[in-house]
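Colleague: Got target_20.txt for you, compact mmCIF, N, CA and C atoms:
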```txt
# COMPACT_ATOMS: atom_id res chain seq x y z
N GLN A 23 88.87 108.29 95.00
CA GLN A 23 89.61 107.03 95.11
C GLN A 23 90.23 106.92 96.49
N VAL A 24 90.30 105.72 96.98
CA VAL A 24 90.92 105.45 98.27
C VAL A 24 91.73 104.17 98.14
N GLN A 25 92.90 104.16 98.74
CA GLN A 25 93.76 102.98 98.76
C GLN A 25 93.80 102.45 100.19
N LEU A 26 93.71 101.15 100.33
CA LEU A 26 93.60 100.52 101.64
C LEU A 26 94.75 99.55 101.88
N VAL A 27 95.34 99.61 103.05
CA VAL A 27 96.44 98.71 103.41
C VAL A 27 96.18 98.14 104.80
N GLU A 28 96.04 96.81 104.87
CA GLU A 28 95.81 96.14 106.15
C GLU A 28 97.12 95.82 106.85
N SER A 29 97.05 95.72 108.16
CA SER A 29 98.19 95.29 108.97
C SER A 29 97.66 94.70 110.26
N GLY A 30 98.54 94.05 111.01
CA GLY A 30 98.17 93.52 112.31
C GLY A 30 97.90 92.04 112.36
N GLY A 31 97.93 91.39 111.19
CA GLY A 31 97.72 89.95 111.19
C GLY A 31 98.92 89.23 111.80
N GLY A 32 98.75 87.93 111.99
CA GLY A 32 99.83 87.14 112.55
C GLY A 32 99.33 85.81 113.04
N SER A 33 100.15 85.14 113.84
CA SER A 33 99.81 83.84 114.39
C SER A 33 99.55 83.97 115.88
N VAL A 34 98.50 83.32 116.34
CA VAL A 34 98.12 83.41 117.74
C VAL A 34 97.48 82.09 118.15
N GLN A 35 97.55 81.78 119.42
CA GLN A 35 96.91 80.56 119.91
C GLN A 35 95.42 80.83 120.16
N ALA A 36 94.66 79.75 120.14
CA ALA A 36 93.23 79.86 120.41
C ALA A 36 92.99 80.56 121.75
N GLY A 37 92.00 81.45 121.75
CA GLY A 37 91.70 82.24 122.94
C GLY A 37 92.41 83.58 122.98
N GLY A 38 93.37 83.76 122.09
CA GLY A 38 94.13 84.99 122.05
C GLY A 38 93.41 86.10 121.29
N SER A 39 94.12 87.22 121.14
CA SER A 39 93.55 88.41 120.51
C SER A 39 94.50 88.98 119.47
N LEU A 40 93.91 89.64 118.51
CA LEU A 40 94.66 90.42 117.53
C LEU A 40 93.86 91.67 117.21
N ARG A 41 94.56 92.71 116.82
CA ARG A 41 93.90 93.93 116.36
C ARG A 41 94.38 94.23 114.96
N LEU A 42 93.48 94.17 114.02
CA LEU A 42 93.78 94.50 112.65
C LEU A 42 93.54 95.99 112.42
N SER A 43 94.39 96.57 111.57
CA SER A 43 94.22 97.95 111.16
C SER A 43 94.16 98.03 109.66
N CYS A 44 93.47 99.02 109.16
CA CYS A 44 93.37 99.26 107.73
C CYS A 44 93.58 100.75 107.53
N ALA A 45 94.75 101.10 107.02
CA ALA A 45 95.08 102.50 106.79
C ALA A 45 94.66 102.90 105.38
N ALA A 46 94.02 104.04 105.28
CA ALA A 46 93.52 104.51 103.99
C ALA A 46 94.25 105.76 103.56
N SER A 47 94.54 105.82 102.29
CA SER A 47 95.09 107.04 101.70
C SER A 47 94.16 107.47 100.59
N GLY A 48 94.25 108.72 100.22
CA GLY A 48 93.33 109.24 99.23
C GLY A 48 92.34 110.18 99.88
N ARG A 49 91.35 110.55 99.13
CA ARG A 49 90.42 111.57 99.59
C ARG A 49 89.15 110.99 100.19
N ASN A 50 88.55 111.80 101.04
CA ASN A 50 87.19 111.56 101.49
C ASN A 50 86.99 110.23 102.19
N PHE A 51 87.91 109.89 103.06
CA PHE A 51 87.80 108.63 103.81
C PHE A 51 86.47 108.56 104.54
N ASN A 52 86.03 109.67 105.12
CA ASN A 52 84.79 109.64 105.91
C ASN A 52 83.53 109.65 105.05
N SER A 53 83.69 109.57 103.74
CA SER A 53 82.55 109.42 102.85
C SER A 53 82.20 107.96 102.58
N TYR A 54 83.07 107.06 103.01
CA TYR A 54 82.92 105.65 102.69
C TYR A 54 82.39 104.85 103.87
N ALA A 55 81.51 103.93 103.58
CA ALA A 55 81.19 102.87 104.52
C ALA A 55 82.31 101.83 104.40
N LEU A 56 82.66 101.21 105.51
CA LEU A 56 83.81 100.30 105.54
C LEU A 56 83.42 98.94 106.07
N GLY A 57 84.19 97.96 105.67
CA GLY A 57 83.90 96.61 106.15
C GLY A 57 85.13 95.74 106.21
N TRP A 58 84.99 94.63 106.93
CA TRP A 58 86.00 93.57 106.98
C TRP A 58 85.38 92.29 106.43
N PHE A 59 86.15 91.61 105.63
CA PHE A 59 85.78 90.31 105.10
C PHE A 59 86.94 89.37 105.36
N ARG A 60 86.69 88.08 105.20
CA ARG A 60 87.78 87.12 105.34
C ARG A 60 87.59 85.99 104.34
N GLN A 61 88.69 85.36 104.01
CA GLN A 61 88.64 84.24 103.07
C GLN A 61 89.59 83.16 103.54
N ALA A 62 89.04 82.04 103.93
CA ALA A 62 89.83 80.89 104.31
C ALA A 62 90.24 80.11 103.06
N SER A 63 91.29 79.34 103.18
CA SER A 63 91.79 78.58 102.05
C SER A 63 90.71 77.66 101.49
N GLY A 64 90.46 77.78 100.21
CA GLY A 64 89.49 76.93 99.55
C GLY A 64 88.04 77.33 99.74
N LYS A 65 87.82 78.47 100.39
CA LYS A 65 86.45 78.91 100.65
C LYS A 65 86.21 80.28 100.02
N GLU A 66 84.92 80.65 99.95
CA GLU A 66 84.58 81.95 99.41
C GLU A 66 84.82 83.05 100.45
N ARG A 67 84.99 84.26 99.95
CA ARG A 67 85.14 85.40 100.85
C ARG A 67 83.82 85.63 101.59
N GLU A 68 83.91 85.88 102.90
CA GLU A 68 82.71 86.07 103.69
C GLU A 68 82.77 87.35 104.51
N PHE A 69 81.60 87.87 104.78
CA PHE A 69 81.45 89.10 105.55
C PHE A 69 81.80 88.85 107.02
N VAL A 70 82.51 89.83 107.60
CA VAL A 70 82.83 89.76 109.03
C VAL A 70 82.12 90.87 109.79
N ALA A 71 82.35 92.11 109.39
CA ALA A 71 81.75 93.24 110.10
C ALA A 71 81.81 94.47 109.21
N ALA A 72 80.93 95.44 109.50
CA ALA A 72 80.88 96.67 108.72
C ALA A 72 80.51 97.84 109.62
N VAL A 73 80.90 99.03 109.17
CA VAL A 73 80.61 100.24 109.95
C VAL A 73 80.22 101.35 108.98
N SER A 74 79.33 102.22 109.43
CA SER A 74 78.85 103.31 108.59
C SER A 74 79.89 104.42 108.48
N ARG A 75 79.57 105.41 107.67
CA ARG A 75 80.51 106.50 107.42
C ARG A 75 80.98 107.20 108.69
N SER A 76 80.05 107.49 109.57
CA SER A 76 80.40 108.21 110.79
C SER A 76 80.88 107.31 111.91
N GLY A 77 80.66 106.02 111.74
CA GLY A 77 80.98 105.08 112.80
C GLY A 77 79.84 104.86 113.76
N GLY A 78 78.72 105.51 113.51
CA GLY A 78 77.61 105.43 114.44
C GLY A 78 76.80 104.16 114.34
N ARG A 79 76.93 103.45 113.25
CA ARG A 79 76.19 102.20 113.07
C ARG A 79 77.13 101.12 112.60
N SER A 80 76.95 99.92 113.12
CA SER A 80 77.78 98.80 112.71
C SER A 80 76.96 97.52 112.71
N MET A 81 77.47 96.53 112.05
CA MET A 81 76.85 95.21 112.06
C MET A 81 77.95 94.17 111.92
N SER A 82 77.65 92.94 112.33
CA SER A 82 78.65 91.89 112.24
C SER A 82 77.98 90.57 111.92
N ALA A 83 78.76 89.65 111.42
CA ALA A 83 78.26 88.32 111.09
C ALA A 83 77.91 87.55 112.35
N ALA A 84 77.03 86.59 112.17
CA ALA A 84 76.56 85.81 113.32
C ALA A 84 77.70 85.08 114.02
N PHE A 85 78.66 84.61 113.26
CA PHE A 85 79.74 83.82 113.87
C PHE A 85 80.64 84.67 114.77
N VAL A 86 80.56 86.01 114.64
CA VAL A 86 81.38 86.86 115.50
C VAL A 86 80.95 86.72 116.96
N LYS A 87 79.65 86.73 117.20
CA LYS A 87 79.09 86.48 118.53
C LYS A 87 79.75 87.33 119.62
N GLY A 88 79.95 88.60 119.33
CA GLY A 88 80.51 89.50 120.32
C GLY A 88 82.00 89.42 120.50
N ARG A 89 82.68 88.57 119.76
CA ARG A 89 84.12 88.42 119.92
C ARG A 89 84.92 89.50 119.21
N PHE A 90 84.37 90.03 118.10
CA PHE A 90 85.07 91.02 117.30
C PHE A 90 84.37 92.37 117.42
N THR A 91 85.16 93.43 117.36
CA THR A 91 84.62 94.78 117.40
C THR A 91 85.22 95.60 116.27
N ILE A 92 84.35 96.17 115.44
CA ILE A 92 84.80 97.03 114.36
C ILE A 92 84.69 98.48 114.81
N SER A 93 85.67 99.30 114.41
CA SER A 93 85.64 100.71 114.72
C SER A 93 86.44 101.46 113.66
N ARG A 94 86.24 102.75 113.63
CA ARG A 94 86.98 103.58 112.69
C ARG A 94 87.35 104.89 113.36
N ASP A 95 88.47 105.44 112.92
CA ASP A 95 88.92 106.74 113.37
C ASP A 95 89.07 107.61 112.13
N ASN A 96 88.08 108.43 111.87
CA ASN A 96 88.11 109.24 110.65
C ASN A 96 89.21 110.29 110.68
N ALA A 97 89.62 110.70 111.85
CA ALA A 97 90.72 111.67 111.95
C ALA A 97 92.05 111.04 111.54
N LYS A 98 92.16 109.73 111.71
CA LYS A 98 93.40 109.02 111.35
C LYS A 98 93.26 108.21 110.07
N ASN A 99 92.10 108.29 109.43
CA ASN A 99 91.86 107.54 108.19
C ASN A 99 92.15 106.05 108.39
N THR A 100 91.66 105.50 109.48
CA THR A 100 91.98 104.12 109.81
C THR A 100 90.75 103.37 110.29
N LEU A 101 90.66 102.13 109.83
CA LEU A 101 89.63 101.19 110.24
C LEU A 101 90.29 100.11 111.10
N TYR A 102 89.56 99.65 112.12
CA TYR A 102 90.11 98.63 113.02
C TYR A 102 89.17 97.44 113.14
N LEU A 103 89.76 96.31 113.49
CA LEU A 103 88.98 95.14 113.87
C LEU A 103 89.68 94.51 115.07
N GLN A 104 89.09 94.67 116.23
CA GLN A 104 89.60 94.04 117.44
C GLN A 104 89.00 92.64 117.52
N MET A 105 89.86 91.64 117.55
CA MET A 105 89.41 90.25 117.55
C MET A 105 89.86 89.59 118.85
N ASP A 106 88.92 89.14 119.62
CA ASP A 106 89.19 88.47 120.89
C ASP A 106 88.65 87.05 120.86
N VAL A 107 89.11 86.24 121.78
CA VAL A 107 88.68 84.84 121.90
C VAL A 107 88.75 84.17 120.54
N LEU A 108 89.88 84.27 119.91
CA LEU A 108 90.04 83.72 118.56
C LEU A 108 89.99 82.20 118.59
N LYS A 109 89.46 81.66 117.51
CA LYS A 109 89.31 80.22 117.36
C LYS A 109 90.07 79.76 116.11
N PRO A 110 90.44 78.49 116.04
CA PRO A 110 91.13 78.01 114.83
C PRO A 110 90.33 78.26 113.55
N GLU A 111 89.01 78.23 113.64
CA GLU A 111 88.19 78.46 112.44
C GLU A 111 88.20 79.92 112.00
N ASP A 112 88.81 80.81 112.77
CA ASP A 112 88.98 82.20 112.35
C ASP A 112 90.18 82.37 111.44
N THR A 113 90.95 81.33 111.24
CA THR A 113 92.11 81.39 110.36
C THR A 113 91.68 81.72 108.94
N ALA A 114 92.25 82.78 108.39
CA ALA A 114 91.87 83.26 107.06
C ALA A 114 92.72 84.48 106.71
N VAL A 115 92.61 84.89 105.47
CA VAL A 115 93.13 86.20 105.06
C VAL A 115 92.00 87.20 105.27
N TYR A 116 92.31 88.27 105.98
CA TYR A 116 91.32 89.29 106.30
C TYR A 116 91.53 90.52 105.40
N TYR A 117 90.43 90.98 104.82
CA TYR A 117 90.46 92.11 103.91
C TYR A 117 89.61 93.25 104.43
N CYS A 118 90.08 94.47 104.26
CA CYS A 118 89.20 95.61 104.50
C CYS A 118 88.71 96.14 103.16
N ALA A 119 87.57 96.79 103.19
CA ALA A 119 86.94 97.25 101.97
C ALA A 119 86.20 98.56 102.23
N ALA A 120 86.06 99.34 101.16
CA ALA A 120 85.35 100.62 101.24
C ALA A 120 84.31 100.70 100.14
N GLY A 121 83.15 101.20 100.50
CA GLY A 121 82.08 101.37 99.54
C GLY A 121 81.40 102.70 99.75
N PHE A 122 80.82 103.24 98.68
CA PHE A 122 80.22 104.56 98.77
C PHE A 122 78.72 104.43 99.01
N PRO A 123 78.25 104.84 100.19
CA PRO A 123 76.83 104.67 100.50
C PRO A 123 75.98 105.86 100.08
N PHE A 124 74.68 105.67 99.97
CA PHE A 124 73.77 106.75 99.63
C PHE A 124 73.42 107.62 100.83
N ASN A 125 73.51 107.04 102.02
CA ASN A 125 73.24 107.85 103.20
C ASN A 125 74.19 107.46 104.32
N SER A 126 74.23 108.28 105.33
CA SER A 126 75.27 108.16 106.35
C SER A 126 75.11 106.93 107.23
N GLY A 127 73.92 106.38 107.31
CA GLY A 127 73.71 105.25 108.21
C GLY A 127 73.85 103.89 107.56
N THR A 128 74.20 103.87 106.29
CA THR A 128 74.26 102.62 105.56
C THR A 128 75.46 101.78 105.96
N VAL A 129 75.23 100.49 106.13
CA VAL A 129 76.32 99.53 106.28
C VAL A 129 76.11 98.45 105.23
N PHE A 130 77.18 97.93 104.69
CA PHE A 130 77.13 96.94 103.62
C PHE A 130 77.64 95.60 104.12
N ASP A 131 76.97 94.52 103.71
CA ASP A 131 77.47 93.19 104.07
C ASP A 131 77.71 92.30 102.86
N ARG A 132 77.65 92.85 101.67
CA ARG A 132 77.89 92.07 100.46
C ARG A 132 79.17 92.56 99.79
N THR A 133 79.93 91.64 99.25
CA THR A 133 81.17 92.04 98.57
C THR A 133 80.88 92.97 97.40
N SER A 134 79.73 92.80 96.75
CA SER A 134 79.42 93.61 95.58
C SER A 134 79.14 95.07 95.93
N ASP A 135 78.92 95.37 97.20
CA ASP A 135 78.69 96.76 97.62
C ASP A 135 79.97 97.55 97.77
N TYR A 136 81.10 96.86 97.74
CA TYR A 136 82.38 97.52 97.99
C TYR A 136 83.17 97.68 96.70
N SER A 137 83.72 98.87 96.53
CA SER A 137 84.44 99.20 95.30
C SER A 137 85.96 99.21 95.48
N HIS A 138 86.42 99.25 96.73
CA HIS A 138 87.85 99.31 96.99
C HIS A 138 88.22 98.25 98.02
N TRP A 139 89.34 97.59 97.76
CA TRP A 139 89.78 96.49 98.63
C TRP A 139 91.26 96.62 98.94
N GLY A 140 91.62 96.18 100.14
CA GLY A 140 93.02 96.06 100.48
C GLY A 140 93.59 94.75 99.97
N GLN A 141 94.87 94.52 100.24
CA GLN A 141 95.54 93.32 99.74
C GLN A 141 95.40 92.13 100.69
N GLY A 142 94.94 92.38 101.90
CA GLY A 142 94.70 91.31 102.86
C GLY A 142 95.85 91.11 103.83
N THR A 143 95.51 90.58 105.00
CA THR A 143 96.50 90.24 106.01
C THR A 143 96.14 88.87 106.60
N GLN A 144 97.13 88.01 106.75
CA GLN A 144 96.89 86.64 107.19
C GLN A 144 96.74 86.57 108.70
N VAL A 145 95.70 85.88 109.12
CA VAL A 145 95.49 85.56 110.54
C VAL A 145 95.47 84.05 110.68
N THR A 146 96.32 83.53 111.55
CA THR A 146 96.40 82.10 111.78
C THR A 146 96.21 81.82 113.27
N VAL A 147 95.23 81.00 113.58
CA VAL A 147 94.92 80.67 114.98
C VAL A 147 95.17 79.17 115.17
N SER A 148 96.05 78.85 116.08
CA SER A 148 96.38 77.45 116.34
C SER A 148 95.68 76.96 117.60
N SER A 149 95.39 75.68 117.61
CA SER A 149 94.68 75.10 118.76
C SER A 149 95.64 74.63 119.84
```
Transcribe the structure of this file into structure tokens.

Modeller:
Amino acid sequence: QVQLVESGGGSVQAGGSLRLSCAASGRNFNSYALGWFRQASGKEREFVAAVSRSGGRSMSAAFVKGRFTISRDNAKNTLYLQMDVLKPEDTAVYYCAAGFPFNSGTVFDRTSDYSHWGQGTQVTVSS
């Protein structure tokens, strides 16, 4: 079992940056593939980015377009999402998630692949 707690959200103007963190407690953090999702008001939760167990492989949604960078520090049991050049349409609650992969290179982009979720952190981008 792993418990996830996000932090780092807030309000920022368009073009600004934020760095989200997801601290994990529990066992075997480096056994999990990790991901970030977001949910805007009135919309479904959508995939943002994911990283493999070791951090050696990652993927991101098309709308990221190089603006966001996902990373993990297994020594600190922490997942990060560096978000740059933020846009008003990035406004949403951001969630981190953990899923158990069959091999070390797996990354997940579906909500159904993740078994553990954080409570979310609000990101608001004003124009």

Colleague: Would you mind reading off the distance between atom N of Ala36 (chain A) and atom N of Leu56 (chain A), one decimal, in Å?

Modeller: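 Separation between atom N of Ala36 (chain A) and atom N of Leu56 (chain A): 28.6 Å.
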
Colleague: Mind the document's chain letters and residue numbers, and return as a ChimeraX atom specification the residues of chain A that DSSP labels strand (DSSP E or B).

Modeller: /A:24-29,32-35,40-48,55-61,68-73,80-82,90-95,100-105,114-121,138-139,143-148

Colleague: Show which residues sit within 8 Å of Val24 (chain A), as a ChimeraX atom specification. Count all atoms listed in the file, and ignore same-chain residues fewer than 4 positions away.

Modeller: /A:45-51,120,137-139

Colleague: From a DSSP calculation on the backbone, collect every residue of region 50-141 of chain A in helix (DSSP H, G or I) and output the set as a list in words.

Modeller: Phe51, Asn52, Ser53, Ala84, Phe85, Val86, Pro110, Glu111, Asp112, Thr133, Ser134 and Asp135 of chain A

Colleague: For region 70-81 of chain A, work out the shell of residues within 6 Å, counting all atoms listed in the file and skipping chain neighbours fewer than 4 positions away, then give it as number ranges by chain.

Modeller: A: 52-60, 94, 126-130

Colleague: Around all the atoms of region 103-117 of chain A listed in the file, with 3 Å of room on each side, what axis-aligned box do you get, giving centre and edge lengths in Å to one decimal, as AutoDock Vina command-line options?

Modeller:
```
--center_x 90.7 --center_y 87.2 --center_z 112.9 --size_x 10.9 --size_y 24.3 --size_z 24.0
```

Colleague: Which polymer residues have any atom within 6 Å of an atom of region 111-117 of chain A, counting only N, CA and C atoms, with same-chain residues fewer than 3 positions away left out, as an MDAnalysis selection string?

Modeller: chainID A and resid 57:63 140:147

Colleague: Measuring between only C-alpha atoms, which one of A:Ile92, A:Cys44, A:Ala97, A:Ala84 shows the shortest distance to Glu68 (chain A)?

Modeller: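 Of all the options, A:Ala84 lies closest to Glu68 (chain A).
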
Colleague: Would you list the residues near (93.9, 84.5, 120.5), meaning any protein, DNA or RNA residue with an atom at most 9 Å from that point in file coordinates, counting only C-alpha atoms, as a list in words?

Modeller: Ser33, Val34, Gln35, Ala36, Gly37, Gly38, Ser39, Leu40, Met105, Asp106, Val107, Leu108, Lys109, Val147 and Ser148 of chain A

Colleague: Write the selection just made, keeping N, CA and C atoms, as a short mmCIF file (atom, residue, chain, number, x, y, z; two decimals), keeping the file's coordinate frame?

Modeller:
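Result file is selection-v4.cif:
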```cif
data_model
loop_
_atom_site.label_atom_id
_atom_site.label_comp_id
_atom_site.auth_asym_id
_atom_site.auth_seq_id
_atom_site.Cartn_x
_atom_site.Cartn_y
_atom_site.Cartn_z
N SER A 33 100.15 85.14 113.84
CA SER A 33 99.81 83.84 114.39
C SER A 33 99.55 83.97 115.88
N VAL A 34 98.50 83.32 116.34
CA VAL A 34 98.12 83.41 117.74
C VAL A 34 97.48 82.09 118.15
N GLN A 35 97.55 81.78 119.42
CA GLN A 35 96.91 80.56 119.91
C GLN A 35 95.42 80.83 120.16
N ALA A 36 94.66 79.75 120.14
CA ALA A 36 93.23 79.86 120.41
C ALA A 36 92.99 80.56 121.75
N GLY A 37 92.00 81.45 121.75
CA GLY A 37 91.70 82.24 122.94
C GLY A 37 92.41 83.58 122.98
N GLY A 38 93.37 83.76 122.09
CA GLY A 38 94.13 84.99 122.05
C GLY A 38 93.41 86.10 121.29
N SER A 39 94.12 87.22 121.14
CA SER A 39 93.55 88.41 120.51
C SER A 39 94.50 88.98 119.47
N LEU A 40 93.91 89.64 118.51
CA LEU A 40 94.66 90.42 117.53
C LEU A 40 93.86 91.67 117.21
N MET A 105 89.86 91.64 117.55
CA MET A 105 89.41 90.25 117.55
C MET A 105 89.86 89.59 118.85
N ASP A 106 88.92 89.14 119.62
CA ASP A 106 89.19 88.47 120.89
C ASP A 106 88.65 87.05 120.86
N VAL A 107 89.11 86.24 121.78
CA VAL A 107 88.68 84.84 121.90
C VAL A 107 88.75 84.17 120.54
N LEU A 108 89.88 84.27 119.91
CA LEU A 108 90.04 83.72 118.56
C LEU A 108 89.99 82.20 118.59
N LYS A 109 89.46 81.66 117.51
CA LYS A 109 89.31 80.22 117.36
C LYS A 109 90.07 79.76 116.11
N VAL A 147 95.23 81.00 113.58
CA VAL A 147 94.92 80.67 114.98
C VAL A 147 95.17 79.17 115.17
N SER A 148 96.05 78.85 116.08
CA SER A 148 96.38 77.45 116.34
C SER A 148 95.68 76.96 117.60
#
```
